[in-house]
Amino acid sequence: DNGIGVSADRPADERGTEFLLSTDSSFHPAQIVNGPDGVLYIADFRNGGDSGRILRIVPDNFKQPRLPQLGKAKTYDLAATLAHLNGWHRDTAARLLFERRDPATAGLLTNMVNNARNPQARLQALAALDSLGGLNEALLLKALRDADPAVRERAALLAEGLARDGLISDSLWNQLRLMADDYFPSVHYQVALTLGQIHHEGRPELLAQMLSRAASAPSMQAAIFSSLAEGAGECFVALANDGATRNSPVGLDLLRRLAIMIGTQGDMEDVARLVDWLDRNATDGRQINTYIFAAGLGEGLRHTGSSLSLVDPRHRLERIYSQAVAASIDYNLPESLRLEAIRLLGASSYPLTDVGDWFLLLLDGSQSQAIQSAALNTLGTYSDPRIVTSLMARWSVFTPAMRRQAVAALLTRVERLDATVSAIESGQLQLEDLNSTAVNLLRTDSDQALRQRALRLFGPLSPQHAGDVESFRPALRLAGDPNNGRDLYQARCANCHAMGGPGQTFGPALPEMRALSREKLLSAIIQPGAEVPPRYLTYVLETKTGQIRVGLMLEQNPKTVVLKTTSGNELVLPRLNIQSVQPQPWSLMPEGLLQGLTPTALADLLNYISSPSRQ
């Protein structure tokens with residue numbers, strides 16, 4: 001956002017409440033629209049959408065105005081209505097102009113774009129003119145230079161329609177290039193999206209410049225990444241050659257994500273550009289960014305079933321790999337460098353025999369928790385059957401946290417599931433070594449025989465806790481202490497439910513939960529799997545190379561699937577490399593969160609969650 005933050009605030013008369021709130025637990029507002037009478041209409045679905053009602057919100061002392069008869073209006077009057085204060089009037093007039101196709105409309109709308117003082121009228125006229133096929137380059141250029149940011153934003157979107165096979169005139173390109181630095185966030189956000197539909201030799205470098213300025217703007221970063229289906233390699237090189245970006249923590253993360261994207265997209269020209277850059281910039285093995293970028297490329301390639309060795313026939317990256325092996329076991333190097341070296345080795349395609357023994361040595365108590373954790377994650381990426389027995393041999397020296405991470409690493413590949421269940425059956429692995437996600441993954445596995453073994457070990461999926469709901473129902477009648485509720489929320493909920501603004505969310509964030517009644521909150525806390533919103537459904541994804549990933553589905557389209565894994569990372573996988581994607585009947589919410597809670601404590605938690613004025 002060019003350093004410009006976007007924030008929102010409540011109106012002065014709504015500090016302690018939501019704009020729309022109901023005590024009816026069945027209230028599910030699905031849509032809010034303007035009406036021709038200037039009031040709001042709400043579509044309220046009930047009982048899962050099988051029934052509903054339409055509600056109307058009116059101001060105090062409301063008097064019903066005379067309803068318009070736009071269907072009988074003349075073309076000139078419809079064009080004039082595009083400047084109306086009421087959105088319903090503007091939208092209806094635009095629709096009627098489109099339906100009538102009056103030849104006089106284009107001239108009226110052109111005049112409005114050029115001369116109307118009301119920016120809303122210019123905006124509506126511009127959109128209506130485009131729908132009628134009457135938009136030309138001269139008029140669009142004028143709109144791109146409009147004083148109003150909403151008009152400039154719409155004009156940037158409409159510029160895509162003037163591109164022929166992605167090509168636009170130099171005049172349009174130069175204007176869009178200038179708007180990439182527009183002072184208004186939504187304008188250069190739209191420019192970033194529009195650039196994805198345009199072919200121009202300066203596009204990758206321009207997107208790199210925009211990305212370097214989007215350090216604190218995740219939505220802007222997403223828009224830029226979405227426009228890099230082509231030119232990602234050039235964008236990477238331009239960004240990586242900027243020392244300030246390359247050596248900053250935020251810049252490193254952007255370049256790492258870009259390297260993963262290049263590997264995932266699999267465009268060999270882009271991959272070659274990144275390999276060339278790595279080859280030119282690899283020196284003595286102490287440059288942490290070289291490991292980060294190579295690991296990102298390797299991770300992305302692995303998602304497609306490819307690897308660093310397959311895309312590097314001249315073996316230019318082997319020296320970086322060798323440097324990483326040496327760095328990972330050099331106790332005299334900074335830990336941050338060793339960690340990135342270990343992660344690079346996890347993204348490679350080399351067999352366990354090359355480095356596995358060294359990594360197993362890193363799992364003893366003399367290494368830091370971070371080094372041991374990274375070594376476990378790297379071992380988990382290898383498809384060597386000896387990993388299970390090697391880890392079991394060291395199980396007694398692992399801390400409880402390391403054991404849970406080791407189980408998670410074992411369950412990331414299909415071929416290890418049978419051996420892992422056998423270890424549980426024999427008592428080598430204890431039930432307390434598995435978290436609820438691991439347990440649920442095994443007892444819902446696609447293999448029937450393995451699933452039955454897991455069900456005998458763990459029992460069926462947790463039933464609906466109707467009895468618990470009743471036992472905690474007294475909490476609904478207690479006032480509750482919000483200060484104690486805040487402490488409980490931070491301790492038990494905040495890891496998965498953000499307290500406000502961006503954050504790790506594997507369930508509804510705090511502002512979203514505050515729109516629920518206390519009774520619905522109680523039910524959601526006690527039986528989280530009973531009614532899971534679609535965007536918080538658990539998915540299990542299996543690749544054709546045998547990888548297993550668990551998380552939330554962020555996006556899926558005919559080409560890719562984007563999964564937010566339980567570690568908090570976003571995983572982008574091409575559909576060509578996916579064996580199956582299955583929604584699950586269980587929630588990612590950990591079991592045991594109610595342990596030790598009393599109705600009084602739960603009342604404190606409910607009070608904090610449902611109090612909009614508290615943070």
# chains A, B, ... in the order shown; residues from 1 in each chain; ligands from 1
>>> select_by_dssp(residues="stretch 48-181 of chain A", states="helix (DSSP H, G or I)", output="VMD selection string")
chain A and resid 48 to 49 70 to 72 75 to 81 87 to 100 105 to 115 119 to 131 137 to 144 149 to 162 170 to 179
>>> residues_around(residues="A:Ala419", least_positions_apart="4", cutoff="10 Å", atoms="only C-alpha atoms", output="list of chain:residue names")
A:Pro385, A:Val388, A:Thr389, A:Leu410, A:Glu415, A:Ala423, A:Ile424, A:Glu425
>>> atom_distance(atom1="atom CA of A:Ser212", atom2="atom CA of A:Thr245")
6.6 Å
>>> atom_distance(atom1="atom CA of A:Ser26", atom2="atom CA of A:Leu476")
17.1 Å
>>> closest_residue(among="A:Met553, A:Leu178, A:Leu441, A:Ala128", to="A:Leu144", atoms="only C-alpha atoms")
A:Leu178
>>> select_by_dssp(residues="stretch 427-594 of chain A", states="strand (DSSP E)", output="number ranges by chain")
A: 538-543, 548-556, 560-565, 570-574, 578-583
>>> write_last_selection(atoms="N, CA, C and O atoms", output="short mmCIF file (atom, residue, chain, number, x, y, z; two decimals), in the first residue's frame")
data_model
loop_
_atom_site.label_atom_id
_atom_site.label_comp_id
_atom_site.auth_asym_id
_atom_site.auth_seq_id
_atom_site.Cartn_x
_atom_site.Cartn_y
_atom_site.Cartn_z
N THR A 538 -11.84 -28.67 7.80
CA THR A 538 -10.55 -29.34 7.70
C THR A 538 -10.47 -30.13 6.40
O THR A 538 -11.42 -30.83 6.04
N TYR A 539 -9.34 -30.00 5.69
CA TYR A 539 -9.11 -30.77 4.46
C TYR A 539 -7.83 -31.59 4.62
O TYR A 539 -6.85 -31.13 5.21
N VAL A 540 -7.86 -32.80 4.07
CA VAL A 540 -6.66 -33.64 3.97
C VAL A 540 -6.33 -33.79 2.50
O VAL A 540 -7.16 -34.23 1.71
N LEU A 541 -5.11 -33.40 2.16
CA LEU A 541 -4.66 -33.42 0.77
C LEU A 541 -3.54 -34.44 0.62
O LEU A 541 -2.62 -34.49 1.44
N GLU A 542 -3.65 -35.28 -0.41
CA GLU A 542 -2.61 -36.28 -0.68
C GLU A 542 -2.09 -36.06 -2.10
O GLU A 542 -2.88 -35.95 -3.05
N THR A 543 -0.77 -35.98 -2.24
CA THR A 543 -0.18 -35.77 -3.56
C THR A 543 0.13 -37.11 -4.21
O THR A 543 0.14 -38.17 -3.57
N ILE A 548 1.27 -36.02 2.52
CA ILE A 548 -0.02 -35.76 3.17
C ILE A 548 0.06 -34.38 3.81
O ILE A 548 1.01 -34.08 4.54
N ARG A 549 -0.95 -33.55 3.56
CA ARG A 549 -1.02 -32.23 4.16
C ARG A 549 -2.42 -32.02 4.74
O ARG A 549 -3.43 -32.41 4.13
N VAL A 550 -2.47 -31.39 5.91
CA VAL A 550 -3.74 -31.12 6.60
C VAL A 550 -3.86 -29.62 6.82
O VAL A 550 -2.89 -28.96 7.20
N GLY A 551 -5.04 -29.05 6.59
CA GLY A 551 -5.22 -27.63 6.85
C GLY A 551 -6.56 -27.13 6.36
O GLY A 551 -7.51 -27.90 6.15
N LEU A 552 -6.63 -25.81 6.21
CA LEU A 552 -7.84 -25.14 5.73
C LEU A 552 -7.68 -24.82 4.25
O LEU A 552 -6.61 -24.44 3.80
N MET A 553 -8.77 -24.94 3.51
CA MET A 553 -8.74 -24.63 2.09
C MET A 553 -8.90 -23.12 1.91
O MET A 553 -9.93 -22.54 2.21
N LEU A 554 -7.83 -22.47 1.42
CA LEU A 554 -7.90 -21.03 1.17
C LEU A 554 -8.45 -20.74 -0.22
O LEU A 554 -9.18 -19.77 -0.42
N GLU A 555 -8.11 -21.59 -1.17
CA GLU A 555 -8.55 -21.36 -2.55
C GLU A 555 -8.35 -22.63 -3.35
O GLU A 555 -7.39 -23.38 -3.12
N GLN A 556 -9.24 -22.89 -4.29
CA GLN A 556 -9.02 -23.96 -5.25
C GLN A 556 -9.64 -23.57 -6.58
O GLN A 556 -10.72 -22.99 -6.63
N THR A 560 -4.81 -24.91 -9.48
CA THR A 560 -4.08 -25.01 -8.22
C THR A 560 -5.03 -25.16 -7.03
O THR A 560 -6.22 -24.86 -7.11
N VAL A 561 -4.43 -25.61 -5.92
CA VAL A 561 -5.11 -25.66 -4.63
C VAL A 561 -4.21 -24.94 -3.63
O VAL A 561 -2.99 -25.17 -3.60
N VAL A 562 -4.79 -24.04 -2.82
CA VAL A 562 -4.03 -23.32 -1.80
C VAL A 562 -4.55 -23.77 -0.44
O VAL A 562 -5.71 -23.57 -0.11
N LEU A 563 -3.66 -24.39 0.34
CA LEU A 563 -4.01 -24.92 1.65
C LEU A 563 -3.22 -24.20 2.72
O LEU A 563 -2.02 -23.98 2.57
N LYS A 564 -3.90 -23.80 3.79
CA LYS A 564 -3.20 -23.25 4.95
C LYS A 564 -2.95 -24.39 5.91
O LYS A 564 -3.87 -24.93 6.51
N THR A 565 -1.70 -24.80 6.03
CA THR A 565 -1.36 -25.98 6.82
C THR A 565 -1.42 -25.67 8.31
O THR A 565 -1.48 -24.51 8.73
N GLU A 570 1.17 -21.21 3.93
CA GLU A 570 0.27 -21.39 2.79
C GLU A 570 0.96 -22.28 1.76
O GLU A 570 2.05 -21.98 1.29
N LEU A 571 0.30 -23.39 1.43
CA LEU A 571 0.86 -24.37 0.51
C LEU A 571 0.09 -24.29 -0.80
O LEU A 571 -1.12 -24.46 -0.83
N VAL A 572 0.81 -24.02 -1.89
CA VAL A 572 0.21 -23.94 -3.22
C VAL A 572 0.63 -25.16 -4.01
O VAL A 572 1.82 -25.38 -4.23
N LEU A 573 -0.35 -25.95 -4.45
CA LEU A 573 -0.04 -27.18 -5.17
C LEU A 573 -0.77 -27.22 -6.50
O LEU A 573 -1.96 -26.92 -6.57
N PRO A 574 -0.09 -27.60 -7.59
CA PRO A 574 -0.77 -27.78 -8.87
C PRO A 574 -1.70 -28.99 -8.79
O PRO A 574 -1.35 -30.02 -8.21
N ILE A 578 -1.88 -33.65 -7.54
CA ILE A 578 -2.73 -33.97 -6.40
C ILE A 578 -3.49 -35.27 -6.66
O ILE A 578 -4.15 -35.43 -7.68
N GLN A 579 -3.37 -36.20 -5.71
CA GLN A 579 -4.10 -37.47 -5.80
C GLN A 579 -5.53 -37.32 -5.30
O GLN A 579 -6.48 -37.79 -5.93
N SER A 580 -5.68 -36.63 -4.16
CA SER A 580 -7.03 -36.45 -3.61
C SER A 580 -7.06 -35.25 -2.68
O SER A 580 -6.05 -34.90 -2.06
N VAL A 581 -8.23 -34.62 -2.59
CA VAL A 581 -8.49 -33.54 -1.65
C VAL A 581 -9.83 -33.84 -0.99
O VAL A 581 -10.86 -33.85 -1.66
N GLN A 582 -9.81 -34.10 0.32
CA GLN A 582 -11.02 -34.54 0.99
C GLN A 582 -11.36 -33.67 2.20
O GLN A 582 -10.53 -33.48 3.09
N PRO A 583 -12.60 -33.11 2.24
CA PRO A 583 -13.05 -32.43 3.45
C PRO A 583 -13.29 -33.46 4.55
O PRO A 583 -13.64 -34.61 4.26
#
>>> closest_residue(among="A:Asp445, A:Glu201, A:Glu470, A:Glu153", to="A:Asp182", atoms="only C-alpha atoms")
A:Glu153
>>> atom_distance(atom1="atom CA of A:Ala43", atom2="atom CA of A:Gln31")
5.2 Å
>>> residues_around(residues="A:Ala494", least_positions_apart="3", cutoff="9 Å", atoms="only C-alpha atoms", output="list in words")
Tyr489, Gln490, Ala491, His497, Ala498, Met499, Gln504, Thr505, Ala509 and Leu510 of chain A
>>> residues_around(residues="A:Ser171", least_positions_apart="6", cutoff="12 Å", atoms="only C-alpha atoms", output="list of chain:residue names")
A:Glu137, A:Ala138, A:Leu140, A:Leu141, A:Lys142, A:Leu144, A:Ala159, A:Arg177, A:Leu178
>>> write_last_selection(atoms="N, CA and C atoms", output="short mmCIF file (atom, residue, chain, number, x, y, z; two decimals), in the first residue's frame")
data_model
loop_
_atom_site.label_atom_id
_atom_site.label_comp_id
_atom_site.auth_asym_id
_atom_site.auth_seq_id
_atom_site.Cartn_x
_atom_site.Cartn_y
_atom_site.Cartn_z
N GLU A 137 -9.99 4.76 -26.08
CA GLU A 137 -8.75 5.01 -25.35
C GLU A 137 -8.66 6.44 -24.83
N ALA A 138 -9.09 7.39 -25.63
CA ALA A 138 -8.99 8.79 -25.20
C ALA A 138 -9.82 9.03 -23.93
N LEU A 140 -10.75 6.73 -21.78
CA LEU A 140 -10.18 5.97 -20.68
C LEU A 140 -8.96 6.68 -20.09
N LEU A 141 -8.13 7.26 -20.94
CA LEU A 141 -6.98 8.01 -20.43
C LEU A 141 -7.42 9.17 -19.55
N LYS A 142 -8.49 9.84 -19.95
CA LYS A 142 -9.02 10.94 -19.14
C LYS A 142 -9.48 10.41 -17.77
N LEU A 144 -8.38 7.70 -16.27
CA LEU A 144 -7.21 7.28 -15.50
C LEU A 144 -6.54 8.45 -14.80
N ALA A 159 -9.17 -0.81 -18.30
CA ALA A 159 -8.04 -0.84 -19.24
C ALA A 159 -7.79 -2.25 -19.75
N ARG A 177 1.74 2.86 -15.46
CA ARG A 177 3.01 2.83 -14.74
C ARG A 177 3.06 3.93 -13.68
N LEU A 178 2.57 5.10 -14.04
CA LEU A 178 2.53 6.20 -13.08
C LEU A 178 1.57 5.89 -11.93
#
>>> residues_around(residues="A:Pro36", least_positions_apart="4", cutoff="10 Å", atoms="only C-alpha atoms", output="list in words")
Leu40, Pro65, Arg66, Leu67, Pro68, Asn86, Gly87, Trp88, His89 and Thr92 of chain A
>>> write_last_selection(atoms="N, CA and C atoms", output="short mmCIF file (atom, residue, chain, number, x, y, z; two decimals), in the first residue's frame")
data_model
loop_
_atom_site.label_atom_id
_atom_site.label_comp_id
_atom_site.auth_asym_id
_atom_site.auth_seq_id
_atom_site.Cartn_x
_atom_site.Cartn_y
_atom_site.Cartn_z
N LEU A 40 -32.58 0.01 4.11
CA LEU A 40 -31.84 -1.23 3.93
C LEU A 40 -32.76 -2.43 4.05
N PRO A 65 -41.32 7.40 0.98
CA PRO A 65 -41.35 8.33 -0.16
C PRO A 65 -42.12 7.73 -1.33
N ARG A 66 -42.38 8.55 -2.30
CA ARG A 66 -43.01 8.06 -3.52
C ARG A 66 -41.98 7.25 -4.31
N LEU A 67 -42.33 6.04 -4.68
CA LEU A 67 -41.39 5.16 -5.36
C LEU A 67 -41.20 5.61 -6.81
N PRO A 68 -39.95 5.48 -7.32
CA PRO A 68 -39.66 5.95 -8.69
C PRO A 68 -40.30 5.03 -9.74
N ASN A 86 -28.97 7.76 -4.23
CA ASN A 86 -29.36 6.41 -3.84
C ASN A 86 -28.77 5.40 -4.81
N GLY A 87 -28.07 4.40 -4.27
CA GLY A 87 -27.42 3.42 -5.11
C GLY A 87 -28.39 2.59 -5.94
N TRP A 88 -29.56 2.30 -5.39
CA TRP A 88 -30.54 1.51 -6.14
C TRP A 88 -30.95 2.25 -7.41
N HIS A 89 -31.16 3.57 -7.30
CA HIS A 89 -31.55 4.38 -8.45
C HIS A 89 -30.45 4.34 -9.51
N THR A 92 -30.19 0.78 -11.12
CA THR A 92 -31.35 0.49 -11.96
C THR A 92 -31.30 1.29 -13.26
#
>>> closest_residue(among="A:Val39, A:Val407, A:Ile198, A:Ala229", to="A:Asp165", atoms="only C-alpha atoms")
A:Ile198
>>> closest_residue(among="A:Ile387, A:Leu450, A:Ala375, A:Leu516", to="A:Gly346", atoms="only C-alpha atoms")
A:Ala375
>>> residues_around(residues="A:Ala374", least_positions_apart="3", cutoff="9 Å", atoms="only C-alpha atoms", output="compact mmCIF listing (two decimals) with all heavy atoms, in the first residue's frame")
# COMPACT_ATOMS: atom_id res chain seq x y z
N LEU A 339 20.04 -23.17 10.46
CA LEU A 339 18.62 -23.51 10.28
C LEU A 339 18.23 -23.45 8.81
O LEU A 339 17.54 -24.34 8.29
CB LEU A 339 17.75 -22.56 11.10
CG LEU A 339 17.74 -22.78 12.61
CD1 LEU A 339 16.97 -21.65 13.30
CD2 LEU A 339 17.09 -24.12 12.96
N GLU A 340 18.67 -22.40 8.12
CA GLU A 340 18.32 -22.29 6.70
C GLU A 340 19.01 -23.36 5.87
O GLU A 340 18.45 -23.85 4.88
CB GLU A 340 18.67 -20.89 6.18
CG GLU A 340 17.87 -19.77 6.82
CD GLU A 340 16.37 -19.93 6.67
OE1 GLU A 340 15.92 -20.64 5.74
OE2 GLU A 340 15.62 -19.36 7.48
N ILE A 342 19.66 -26.40 6.93
CA ILE A 342 18.89 -27.62 7.17
C ILE A 342 17.60 -27.61 6.36
O ILE A 342 17.20 -28.63 5.79
CB ILE A 342 18.60 -27.77 8.68
CG1 ILE A 342 19.90 -28.00 9.45
CG2 ILE A 342 17.61 -28.90 8.93
CD1 ILE A 342 19.74 -27.93 10.96
N ARG A 343 16.95 -26.46 6.30
CA ARG A 343 15.72 -26.36 5.52
C ARG A 343 15.96 -26.58 4.03
O ARG A 343 15.13 -27.16 3.34
CB ARG A 343 15.06 -25.00 5.79
CG ARG A 343 14.47 -24.89 7.19
CD ARG A 343 14.07 -23.48 7.55
NE ARG A 343 13.63 -23.40 8.93
CZ ARG A 343 13.81 -22.36 9.73
NH1 ARG A 343 14.42 -21.27 9.26
NH2 ARG A 343 13.37 -22.38 10.97
N GLY A 346 16.12 -30.15 3.29
CA GLY A 346 14.79 -30.75 3.29
C GLY A 346 14.05 -30.51 1.99
O GLY A 346 13.11 -31.24 1.66
N GLN A 369 16.49 -26.38 20.64
CA GLN A 369 15.17 -26.85 20.24
C GLN A 369 14.91 -26.51 18.78
O GLN A 369 14.32 -27.31 18.04
CB GLN A 369 14.10 -26.20 21.13
CG GLN A 369 12.68 -26.67 20.88
CD GLN A 369 12.43 -28.05 21.47
OE1 GLN A 369 13.12 -28.46 22.39
NE2 GLN A 369 11.44 -28.75 20.93
N ALA A 370 15.35 -25.32 18.34
CA ALA A 370 15.12 -24.91 16.95
C ALA A 370 15.86 -25.82 15.97
O ALA A 370 15.30 -26.20 14.93
CB ALA A 370 15.56 -23.45 16.77
N ILE A 371 17.11 -26.18 16.28
CA ILE A 371 17.88 -27.05 15.39
C ILE A 371 17.24 -28.44 15.34
O ILE A 371 17.08 -29.03 14.26
CB ILE A 371 19.34 -27.16 15.88
CG1 ILE A 371 20.08 -25.82 15.69
CG2 ILE A 371 20.07 -28.29 15.13
CD1 ILE A 371 20.33 -25.45 14.25
N ASN A 377 11.82 -31.77 10.83
CA ASN A 377 11.02 -31.39 9.65
C ASN A 377 11.70 -31.85 8.36
O ASN A 377 11.03 -32.30 7.42
CB ASN A 377 10.81 -29.88 9.62
CG ASN A 377 9.82 -29.42 10.68
OD1 ASN A 377 9.00 -30.20 11.15
ND2 ASN A 377 9.91 -28.15 11.06
N THR A 378 13.03 -31.72 8.31
CA THR A 378 13.75 -32.14 7.11
C THR A 378 13.69 -33.65 6.94
O THR A 378 13.44 -34.15 5.84
CB THR A 378 15.21 -31.67 7.19
OG1 THR A 378 15.23 -30.25 7.07
CG2 THR A 378 16.03 -32.25 6.06
N LEU A 379 13.88 -34.39 8.01
CA LEU A 379 13.77 -35.85 7.92
C LEU A 379 12.38 -36.26 7.45
O LEU A 379 12.22 -37.23 6.72
CB LEU A 379 14.07 -36.48 9.28
CG LEU A 379 15.55 -36.56 9.67
CD1 LEU A 379 15.69 -36.99 11.12
CD2 LEU A 379 16.29 -37.52 8.76
>>> closest_residue(among="A:Asp487, A:Asp146, A:Leu363, A:Glu99", to="A:Asn115", atoms="only C-alpha atoms")
A:Asp146
>>> closest_residue(among="A:Cys235, A:Arg122, A:Ser25, A:Phe19", to="A:Ser523", atoms="only C-alpha atoms")
A:Ser25
>>> decode(residues="stretch 69-140 of chain A", atoms="C-alpha atoms", output="PDB file, in the first residue's frame")
ATOM      1  CA  GLN A  69     -40.983   4.800 -12.057  1.00  0.00           C
ATOM      2  CA  LEU A  70     -37.659   4.459 -13.868  1.00  0.00           C
ATOM      3  CA  GLY A  71     -39.068   1.981 -16.341  1.00  0.00           C
ATOM      4  CA  LYS A  72     -41.068   4.842 -17.867  1.00  0.00           C
ATOM      5  CA  ALA A  73     -38.237   7.396 -17.812  1.00  0.00           C
ATOM      6  CA  LYS A  74     -36.671   8.810 -20.981  1.00  0.00           C
ATOM      7  CA  THR A  75     -33.076   8.005 -21.915  1.00  0.00           C
ATOM      8  CA  TYR A  76     -31.890  11.501 -20.943  1.00  0.00           C
ATOM      9  CA  ASP A  77     -33.515  11.189 -17.511  1.00  0.00           C
ATOM     10  CA  LEU A  78     -32.000   7.746 -16.978  1.00  0.00           C
ATOM     11  CA  ALA A  79     -28.553   9.120 -17.769  1.00  0.00           C
ATOM     12  CA  ALA A  80     -29.140  11.957 -15.286  1.00  0.00           C
ATOM     13  CA  THR A  81     -30.191   9.392 -12.646  1.00  0.00           C
ATOM     14  CA  LEU A  82     -26.635   8.004 -12.658  1.00  0.00           C
ATOM     15  CA  ALA A  83     -25.829  10.960 -10.385  1.00  0.00           C
ATOM     16  CA  HIS A  84     -28.571  10.068  -7.875  1.00  0.00           C
ATOM     17  CA  LEU A  85     -27.579   9.764  -4.202  1.00  0.00           C
ATOM     18  CA  ASN A  86     -29.361   6.414  -3.844  1.00  0.00           C
ATOM     19  CA  GLY A  87     -27.416   3.416  -5.112  1.00  0.00           C
ATOM     20  CA  TRP A  88     -30.536   1.511  -6.145  1.00  0.00           C
ATOM     21  CA  HIS A  89     -31.547   4.378  -8.450  1.00  0.00           C
ATOM     22  CA  ARG A  90     -28.076   4.497 -10.047  1.00  0.00           C
ATOM     23  CA  ASP A  91     -27.845   0.739 -10.570  1.00  0.00           C
ATOM     24  CA  THR A  92     -31.351   0.485 -11.962  1.00  0.00           C
ATOM     25  CA  ALA A  93     -30.797   3.384 -14.368  1.00  0.00           C
ATOM     26  CA  ALA A  94     -27.571   1.759 -15.609  1.00  0.00           C
ATOM     27  CA  ARG A  95     -29.380  -1.542 -16.168  1.00  0.00           C
ATOM     28  CA  LEU A  96     -32.195   0.101 -18.095  1.00  0.00           C
ATOM     29  CA  LEU A  97     -29.752   2.024 -20.286  1.00  0.00           C
ATOM     30  CA  PHE A  98     -28.000  -1.234 -21.112  1.00  0.00           C
ATOM     31  CA  GLU A  99     -31.268  -2.987 -21.927  1.00  0.00           C
ATOM     32  CA  ARG A 100     -32.629  -0.185 -24.136  1.00  0.00           C
ATOM     33  CA  ARG A 101     -29.499   0.230 -26.273  1.00  0.00           C
ATOM     34  CA  ASP A 102     -30.622   3.696 -27.344  1.00  0.00           C
ATOM     35  CA  PRO A 103     -28.069   5.148 -29.867  1.00  0.00           C
ATOM     36  CA  ALA A 104     -28.251   8.477 -28.024  1.00  0.00           C
ATOM     37  CA  THR A 105     -26.921   6.881 -24.825  1.00  0.00           C
ATOM     38  CA  ALA A 106     -23.232   6.858 -25.795  1.00  0.00           C
ATOM     39  CA  GLY A 107     -23.137  10.611 -26.375  1.00  0.00           C
ATOM     40  CA  LEU A 108     -24.936  11.345 -23.099  1.00  0.00           C
ATOM     41  CA  LEU A 109     -22.588   9.107 -21.122  1.00  0.00           C
ATOM     42  CA  THR A 110     -19.465  10.483 -22.833  1.00  0.00           C
ATOM     43  CA  ASN A 111     -20.544  13.987 -21.944  1.00  0.00           C
ATOM     44  CA  MET A 112     -21.102  12.893 -18.358  1.00  0.00           C
ATOM     45  CA  VAL A 113     -17.621  11.332 -18.068  1.00  0.00           C
ATOM     46  CA  ASN A 114     -16.066  14.504 -19.460  1.00  0.00           C
ATOM     47  CA  ASN A 115     -18.098  17.134 -17.646  1.00  0.00           C
ATOM     48  CA  ALA A 116     -20.050  15.837 -14.632  1.00  0.00           C
ATOM     49  CA  ARG A 117     -18.981  17.478 -11.377  1.00  0.00           C
ATOM     50  CA  ASN A 118     -20.245  14.561  -9.287  1.00  0.00           C
ATOM     51  CA  PRO A 119     -17.509  11.854  -9.232  1.00  0.00           C
ATOM     52  CA  GLN A 120     -20.135   9.155  -8.598  1.00  0.00           C
ATOM     53  CA  ALA A 121     -21.863  10.191 -11.821  1.00  0.00           C
ATOM     54  CA  ARG A 122     -18.561   9.985 -13.746  1.00  0.00           C
ATOM     55  CA  LEU A 123     -17.923   6.559 -12.267  1.00  0.00           C
ATOM     56  CA  GLN A 124     -21.367   5.206 -13.143  1.00  0.00           C
ATOM     57  CA  ALA A 125     -21.253   6.722 -16.644  1.00  0.00           C
ATOM     58  CA  LEU A 126     -17.828   5.186 -17.281  1.00  0.00           C
ATOM     59  CA  ALA A 127     -19.031   1.714 -16.271  1.00  0.00           C
ATOM     60  CA  ALA A 128     -22.269   2.043 -18.237  1.00  0.00           C
ATOM     61  CA  LEU A 129     -20.388   3.225 -21.325  1.00  0.00           C
ATOM     62  CA  ASP A 130     -18.096   0.202 -21.123  1.00  0.00           C
ATOM     63  CA  SER A 131     -21.080  -2.168 -20.892  1.00  0.00           C
ATOM     64  CA  LEU A 132     -22.424  -0.643 -24.122  1.00  0.00           C
ATOM     65  CA  GLY A 133     -19.087  -1.009 -25.925  1.00  0.00           C
ATOM     66  CA  GLY A 134     -18.665   2.747 -26.252  1.00  0.00           C
ATOM     67  CA  LEU A 135     -15.418   3.182 -24.323  1.00  0.00           C
ATOM     68  CA  ASN A 136     -12.376   4.382 -26.283  1.00  0.00           C
ATOM     69  CA  GLU A 137      -8.750   5.015 -25.354  1.00  0.00           C
ATOM     70  CA  ALA A 138      -8.993   8.793 -25.196  1.00  0.00           C
ATOM     71  CA  LEU A 139     -11.890   8.653 -22.754  1.00  0.00           C
ATOM     72  CA  LEU A 140     -10.180   5.971 -20.679  1.00  0.00           C
TER      73      LEU A 140
END
